[in-house]
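Trainee: Input file: data25.pdb. Contents: PDB, C-alpha atoms.
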ATOM      1  CA  MET I 387     -25.505  11.381 -12.204  1.00  0.00           C
ATOM      2  CA  SER I 388     -22.064  10.111 -13.209  1.00  0.00           C
ATOM      3  CA  ASP I 389     -18.811  11.852 -12.372  1.00  0.00           C
ATOM      4  CA  ASP I 390     -15.348  10.464 -13.122  1.00  0.00           C
ATOM      5  CA  ARG I 391     -14.101  11.998  -9.847  1.00  0.00           C
ATOM      6  CA  VAL I 392     -16.138   9.491  -7.825  1.00  0.00           C
ATOM      7  CA  ILE I 393     -14.236   6.218  -7.618  1.00  0.00           C
ATOM      8  CA  ARG I 394     -15.911   2.942  -6.681  1.00  0.00           C
ATOM      9  CA  ILE I 395     -13.023   0.874  -5.368  1.00  0.00           C
ATOM     10  CA  ARG I 396     -14.958  -2.405  -5.488  1.00  0.00           C
ATOM     11  CA  ASP I 397     -15.314  -1.967  -9.277  1.00  0.00           C
ATOM     12  CA  ILE I 398     -11.538  -1.718  -9.872  1.00  0.00           C
ATOM     13  CA  SER I 399      -9.902  -4.946 -11.050  1.00  0.00           C
ATOM     14  CA  PRO I 400      -7.164  -6.077  -8.648  1.00  0.00           C
ATOM     15  CA  ILE I 401      -3.545  -6.489  -9.724  1.00  0.00           C
ATOM     16  CA  LEU I 402      -0.574  -8.274  -8.142  1.00  0.00           C
ATOM     17  CA  PRO I 403       2.557  -6.064  -8.217  1.00  0.00           C
ATOM     18  CA  ALA I 404       5.979  -7.669  -8.742  1.00  0.00           C
ATOM     19  CA  LEU I 405       7.680  -8.875  -5.522  1.00  0.00           C
ATOM     20  CA  HIS I 406       4.304  -9.027  -3.720  1.00  0.00           C
ATOM     21  CA  TYR I 407       2.410 -12.211  -2.822  1.00  0.00           C
ATOM     22  CA  ASP I 408      -1.121 -13.160  -1.756  1.00  0.00           C
ATOM     23  CA  LEU I 409      -2.610  -9.705  -1.990  1.00  0.00           C
ATOM     24  CA  LYS I 410      -5.028  -7.745  -4.138  1.00  0.00           C
ATOM     25  CA  SER I 411      -4.081  -4.170  -5.063  1.00  0.00           C
ATOM     26  CA  ARG I 412      -6.693  -1.883  -6.578  1.00  0.00           C
ATOM     27  CA  ARG I 413      -5.030   1.184  -8.098  1.00  0.00           C
ATOM     28  CA  ILE I 414      -7.333   4.064  -7.139  1.00  0.00           C
ATOM     29  CA  VAL I 415      -5.206   6.810  -8.716  1.00  0.00           C
ATOM     30  CA  SER I 416      -2.514   6.074 -11.314  1.00  0.00           C
ATOM     31  CA  ASP I 417       0.304   8.041 -12.948  1.00  0.00           C
ATOM     32  CA  ALA I 418      -2.003   8.879 -15.836  1.00  0.00           C
ATOM     33  CA  GLU I 419      -4.603  10.438 -13.513  1.00  0.00           C
ATOM     34  CA  ALA I 420      -2.313  12.326 -11.115  1.00  0.00           C
ATOM     35  CA  LYS I 421       1.329  13.061 -11.885  1.00  0.00           C
ATOM     36  CA  SER I 422       2.428  13.661  -8.270  1.00  0.00           C
ATOM     37  CA  PHE I 423       1.045  10.541  -6.516  1.00  0.00           C
ATOM     38  CA  LYS I 424      -0.498   7.080  -6.842  1.00  0.00           C
ATOM     39  CA  ALA I 425      -3.013   5.549  -4.444  1.00  0.00           C
ATOM     40  CA  SER I 426      -4.051   1.920  -4.042  1.00  0.00           C
ATOM     41  CA  MET I 427      -6.423   0.046  -1.749  1.00  0.00           C
ATOM     42  CA  VAL I 428      -4.678  -3.207  -0.844  1.00  0.00           C
ATOM     43  CA  THR I 429      -6.011  -6.370   0.783  1.00  0.00           C
ATOM     44  CA  LEU I 430      -3.389  -8.722   2.218  1.00  0.00           C
ATOM     45  CA  ASP I 431      -4.475 -12.335   2.479  1.00  0.00           C
ATOM     46  CA  PRO I 432      -3.417 -14.025   5.762  1.00  0.00           C
ATOM     47  CA  SER I 433      -0.140 -15.044   4.059  1.00  0.00           C
ATOM     48  CA  GLY I 434       0.208 -11.768   2.111  1.00  0.00           C
ATOM     49  CA  ARG I 435       3.637 -10.150   1.967  1.00  0.00           C
ATOM     50  CA  SER I 436       6.202  -8.401  -0.181  1.00  0.00           C
ATOM     51  CA  ASP I 437       9.885  -9.073  -0.696  1.00  0.00           C
ATOM     52  CA  PRO I 438      12.286  -6.334   0.455  1.00  0.00           C
ATOM     53  CA  HIS I 439      12.496  -3.670  -2.241  1.00  0.00           C
ATOM     54  CA  VAL I 440      13.280   0.015  -2.837  1.00  0.00           C
ATOM     55  CA  HIS I 441      11.424   2.818  -4.616  1.00  0.00           C
ATOM     56  CA  ALA I 442      13.930   5.363  -5.888  1.00  0.00           C
ATOM     57  CA  GLY I 443      12.745   8.964  -5.941  1.00  0.00           C
ATOM     58  CA  VAL I 444       9.357   8.425  -4.285  1.00  0.00           C
ATOM     59  CA  ALA I 445       7.991   8.287  -0.758  1.00  0.00           C
ATOM     60  CA  GLN I 446       5.320   5.795   0.275  1.00  0.00           C
ATOM     61  CA  LEU I 447       2.724   5.870   3.027  1.00  0.00           C
ATOM     62  CA  TYR I 448       0.848   2.815   4.332  1.00  0.00           C
ATOM     63  CA  LEU I 449      -2.332   3.473   6.344  1.00  0.00           C
ATOM     64  CA  VAL I 450      -3.914   0.394   7.941  1.00  0.00           C
ATOM     65  CA  LEU I 451      -7.724   0.305   7.800  1.00  0.00           C
ATOM     66  CA  LYS I 452      -8.484  -3.236   9.028  1.00  0.00           C
ATOM     67  CA  GLY I 453      -6.387  -6.041  10.516  1.00  0.00           C
ATOM     68  CA  GLU I 454      -2.722  -5.680  11.460  1.00  0.00           C
ATOM     69  CA  MET I 455       0.363  -5.374   9.289  1.00  0.00           C
ATOM     70  CA  GLY I 456       4.072  -5.731   9.914  1.00  0.00           C
ATOM     71  CA  VAL I 457       6.398  -3.344   8.103  1.00  0.00           C
ATOM     72  CA  GLN I 458      10.157  -3.505   7.960  1.00  0.00           C
ATOM     73  CA  ILE I 459      11.826  -0.218   6.996  1.00  0.00           C
ATOM     74  CA  ALA I 460      15.611   0.102   6.745  1.00  0.00           C
ATOM     75  CA  GLY I 461      16.041  -2.971   8.970  1.00  0.00           C
ATOM     76  CA  GLN I 462      13.641  -1.809  11.690  1.00  0.00           C
ATOM     77  CA  GLU I 463      10.339  -3.648  12.207  1.00  0.00           C
ATOM     78  CA  PHE I 464       7.004  -2.030  13.117  1.00  0.00           C
ATOM     79  CA  ARG I 465       3.469  -3.363  13.668  1.00  0.00           C
ATOM     80  CA  LEU I 466       0.602  -1.226  12.449  1.00  0.00           C
ATOM     81  CA  LYS I 467      -2.993  -1.440  13.664  1.00  0.00           C
ATOM     82  CA  PRO I 468      -6.060   0.296  12.198  1.00  0.00           C
ATOM     83  CA  GLY I 469      -5.584   4.048  12.201  1.00  0.00           C
ATOM     84  CA  GLU I 470      -1.775   3.777  12.224  1.00  0.00           C
ATOM     85  CA  ALA I 471       0.514   4.620   9.309  1.00  0.00           C
ATOM     86  CA  ALA I 472       4.119   4.133   8.272  1.00  0.00           C
ATOM     87  CA  LEU I 473       6.139   6.512   6.094  1.00  0.00           C
ATOM     88  CA  ILE I 474       8.808   5.031   3.850  1.00  0.00           C
ATOM     89  CA  LYS I 475      11.274   7.628   2.610  1.00  0.00           C
ATOM     90  CA  PRO I 476      12.768   7.561  -0.890  1.00  0.00           C
ATOM     91  CA  GLY I 477      15.412   4.881  -1.278  1.00  0.00           C
ATOM     92  CA  GLU I 478      14.603   3.041   1.977  1.00  0.00           C
ATOM     93  CA  LYS I 479      14.555  -0.749   1.674  1.00  0.00           C
ATOM     94  CA  HIS I 480      11.227  -2.021   2.958  1.00  0.00           C
ATOM     95  CA  CYS I 481       8.758  -4.875   2.952  1.00  0.00           C
ATOM     96  CA  ASN I 482       5.375  -5.523   4.520  1.00  0.00           C
ATOM     97  CA  PHE I 483       3.486  -8.601   5.684  1.00  0.00           C
ATOM     98  CA  ASN I 484       0.191  -9.567   7.276  1.00  0.00           C
ATOM     99  CA  VAL I 485       0.404 -10.405  10.992  1.00  0.00           C
ATOM    100  CA  PHE I 486      -3.375 -10.777  11.390  1.00  0.00           C
ATOM    101  CA  PRO I 487      -5.171 -14.155  11.163  1.00  0.00           C
ATOM    102  CA  GLY I 488      -7.588 -12.731   8.563  1.00  0.00           C
ATOM    103  CA  GLU I 489      -7.289 -10.224   5.741  1.00  0.00           C
ATOM    104  CA  THR I 490      -5.618  -6.868   6.379  1.00  0.00           C
ATOM    105  CA  ASP I 491      -6.723  -3.819   4.377  1.00  0.00           C
ATOM    106  CA  TYR I 492      -4.495  -0.791   3.915  1.00  0.00           C
ATOM    107  CA  LEU I 493      -4.210   2.284   1.762  1.00  0.00           C
ATOM    108  CA  SER I 494      -0.897   2.719  -0.064  1.00  0.00           C
ATOM    109  CA  ILE I 495      -0.051   6.238  -1.248  1.00  0.00           C
ATOM    110  CA  THR I 496       3.100   6.761  -3.302  1.00  0.00           C
ATOM    111  CA  GLY I 497       4.187  10.331  -4.001  1.00  0.00           C
ATOM    112  CA  MET I 498       7.034  12.099  -5.677  1.00  0.00           C
ATOM    113  CA  ALA I 499       9.763  13.009  -3.207  1.00  0.00           C
ATOM    114  CA  THR I 500      10.514  16.659  -2.571  1.00  0.00           C
ATOM    115  CA  THR I 501      13.958  18.137  -2.133  1.00  0.00           C
ATOM    116  CA  ASN I 502      12.985  20.602   0.637  1.00  0.00           C
TER     117      ASN I 502
END
Let me see the structure of the file written as structure tokens.
Mentor:
Amino acid sequence: MSDDRVIRIRDISPILPALHYDLKSRRIVSDAEAKSFKASMVTLDPSGRSDPHVHAGVAQLYLVLKGEMGVQIAGQEFRLKPGEAALIKPGEKHCNFNVFPGETDYLSITGMATTN
């Protein structure tokens, strides 16, 4: 039985977003599928990283699944291990990078910011 609500991540072709290097991002949910958020499964190669950048009007959550990732948010650096997450608020300058000798897998969820 086939259902378009079941997503097989391994079947999604990876992309390389601008300002990101040595990683594979598989967009699980896009703007066309859900207007309020996007979700991607990302694999950072050992040298994987992003340049510092800002997302205006959206919040982003990184949840580490395997490996270890460094995240710099608004000039402050954090290290995330499996089961740990980092929240990047709208407009905060941030970057991330692999600090593990192998691949690091994480879930990236980007959602529309609220004004509450």
Trainee: Which residue is closest to Lys452 (chain I)? Choose from I:Leu493, I:Ala472, I:Cys481, I:Ala418 and count only C-alpha atoms.
Mentor: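 With only C-alpha atoms as the atom set, the closest residue is I:Leu493.
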Trainee: Any idea what's packed within 10 Å of Gln458 (chain I), counting all atoms listed in the file, ignoring anything in its chain fewer than 5 positions away? Could you give it as a ChimeraX atom specification?
Mentor: /I:438,463-465,472,474,478-483
Trainee: Quick check on the file I pasted: which residues fall under the PyMOL selection byres ((chain I and resi 406) around 6)? Write them as an MDAnalysis selection string.
Mentor: chainID I and resid 403:405 407 435:436
Trainee: Determine the residue set returned by the PyMOL selection byres ((chain I and resi 396-400) around 6) for the present structure, and present it as a ChimeraX atom specification.
Mentor: /I:394-395,401,410-412
Trainee: Let me make sure I understand: among I:Lys421, I:Met455, I:Ser416, I:Val440, which one has the smallest atom-to-atom distance to Pro487 (chain I) if we use all atoms listed in the file?
Mentor: I:Met455
Trainee: Choose the residue, out of I:Leu451, I:His439, I:Ala445, I:Ser433, that has the smallest atom-to-atom separation from Val485 (chain I); count all atoms listed in the file.
Mentor: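 Under the stated criterion, the closest residue is I:Ser433.
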Trainee: Apply the PyMOL selection byres ((chain I and resi 495) around 9) to the file shown and report the selected residues as a list in words.
Mentor: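 For this structure, the PyMOL selection byres ((chain I and resi 495) around 9) resolves to Phe423, Lys424, Ala425, Ser426, Met427, Ala445, Gln446, Leu447, Tyr448, Leu449, Leu493, Ser494, Thr496 and Gly497 of chain I.
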Trainee: If I take CA of Gly488 (chain I) and CA of Pro432 (chain I), how far is one from the other in Å, to one decimal?
Mentor: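 A separation of 5.2 Å between them.
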Trainee: Just to confirm, what's the straight-line distance from CA of Val444 (chain I) to CA of Gly456 (chain I) in Å (one decimal)?
Mentor: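 The value is 20.7 Å.
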Trainee: With distances taken over all atoms listed in the file, which residue among I:Met498, I:Arg413, I:Val392, I:Asp491 lies nearest Thr429 (chain I)?
Mentor: I:Asp491
Trainee: For Gly477 (chain I), find every residue with an atom within 7 Å (counting all atoms listed in the file), except residues of its own chain fewer than 4 positions away, and show them as a list in words.
Mentor: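 After dropping sequence-adjacent residues, the list is Val440, His441, Ala442 and Gly443 of chain I.
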Trainee: To one decimal place, how far is CA of Gly453 (chain I) from CA of Glu489 (chain I) in Å?
Mentor: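 So the answer is 6.4 Å.
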Trainee: Go through I:Val415, I:Ala460, I:Lys467, I:Leu430 one by one, measure the shortest atom-to-atom distance of each to Leu402 (chain I) using all atoms listed in the file, and give the residue with the smallest value.
Mentor: I:Leu430
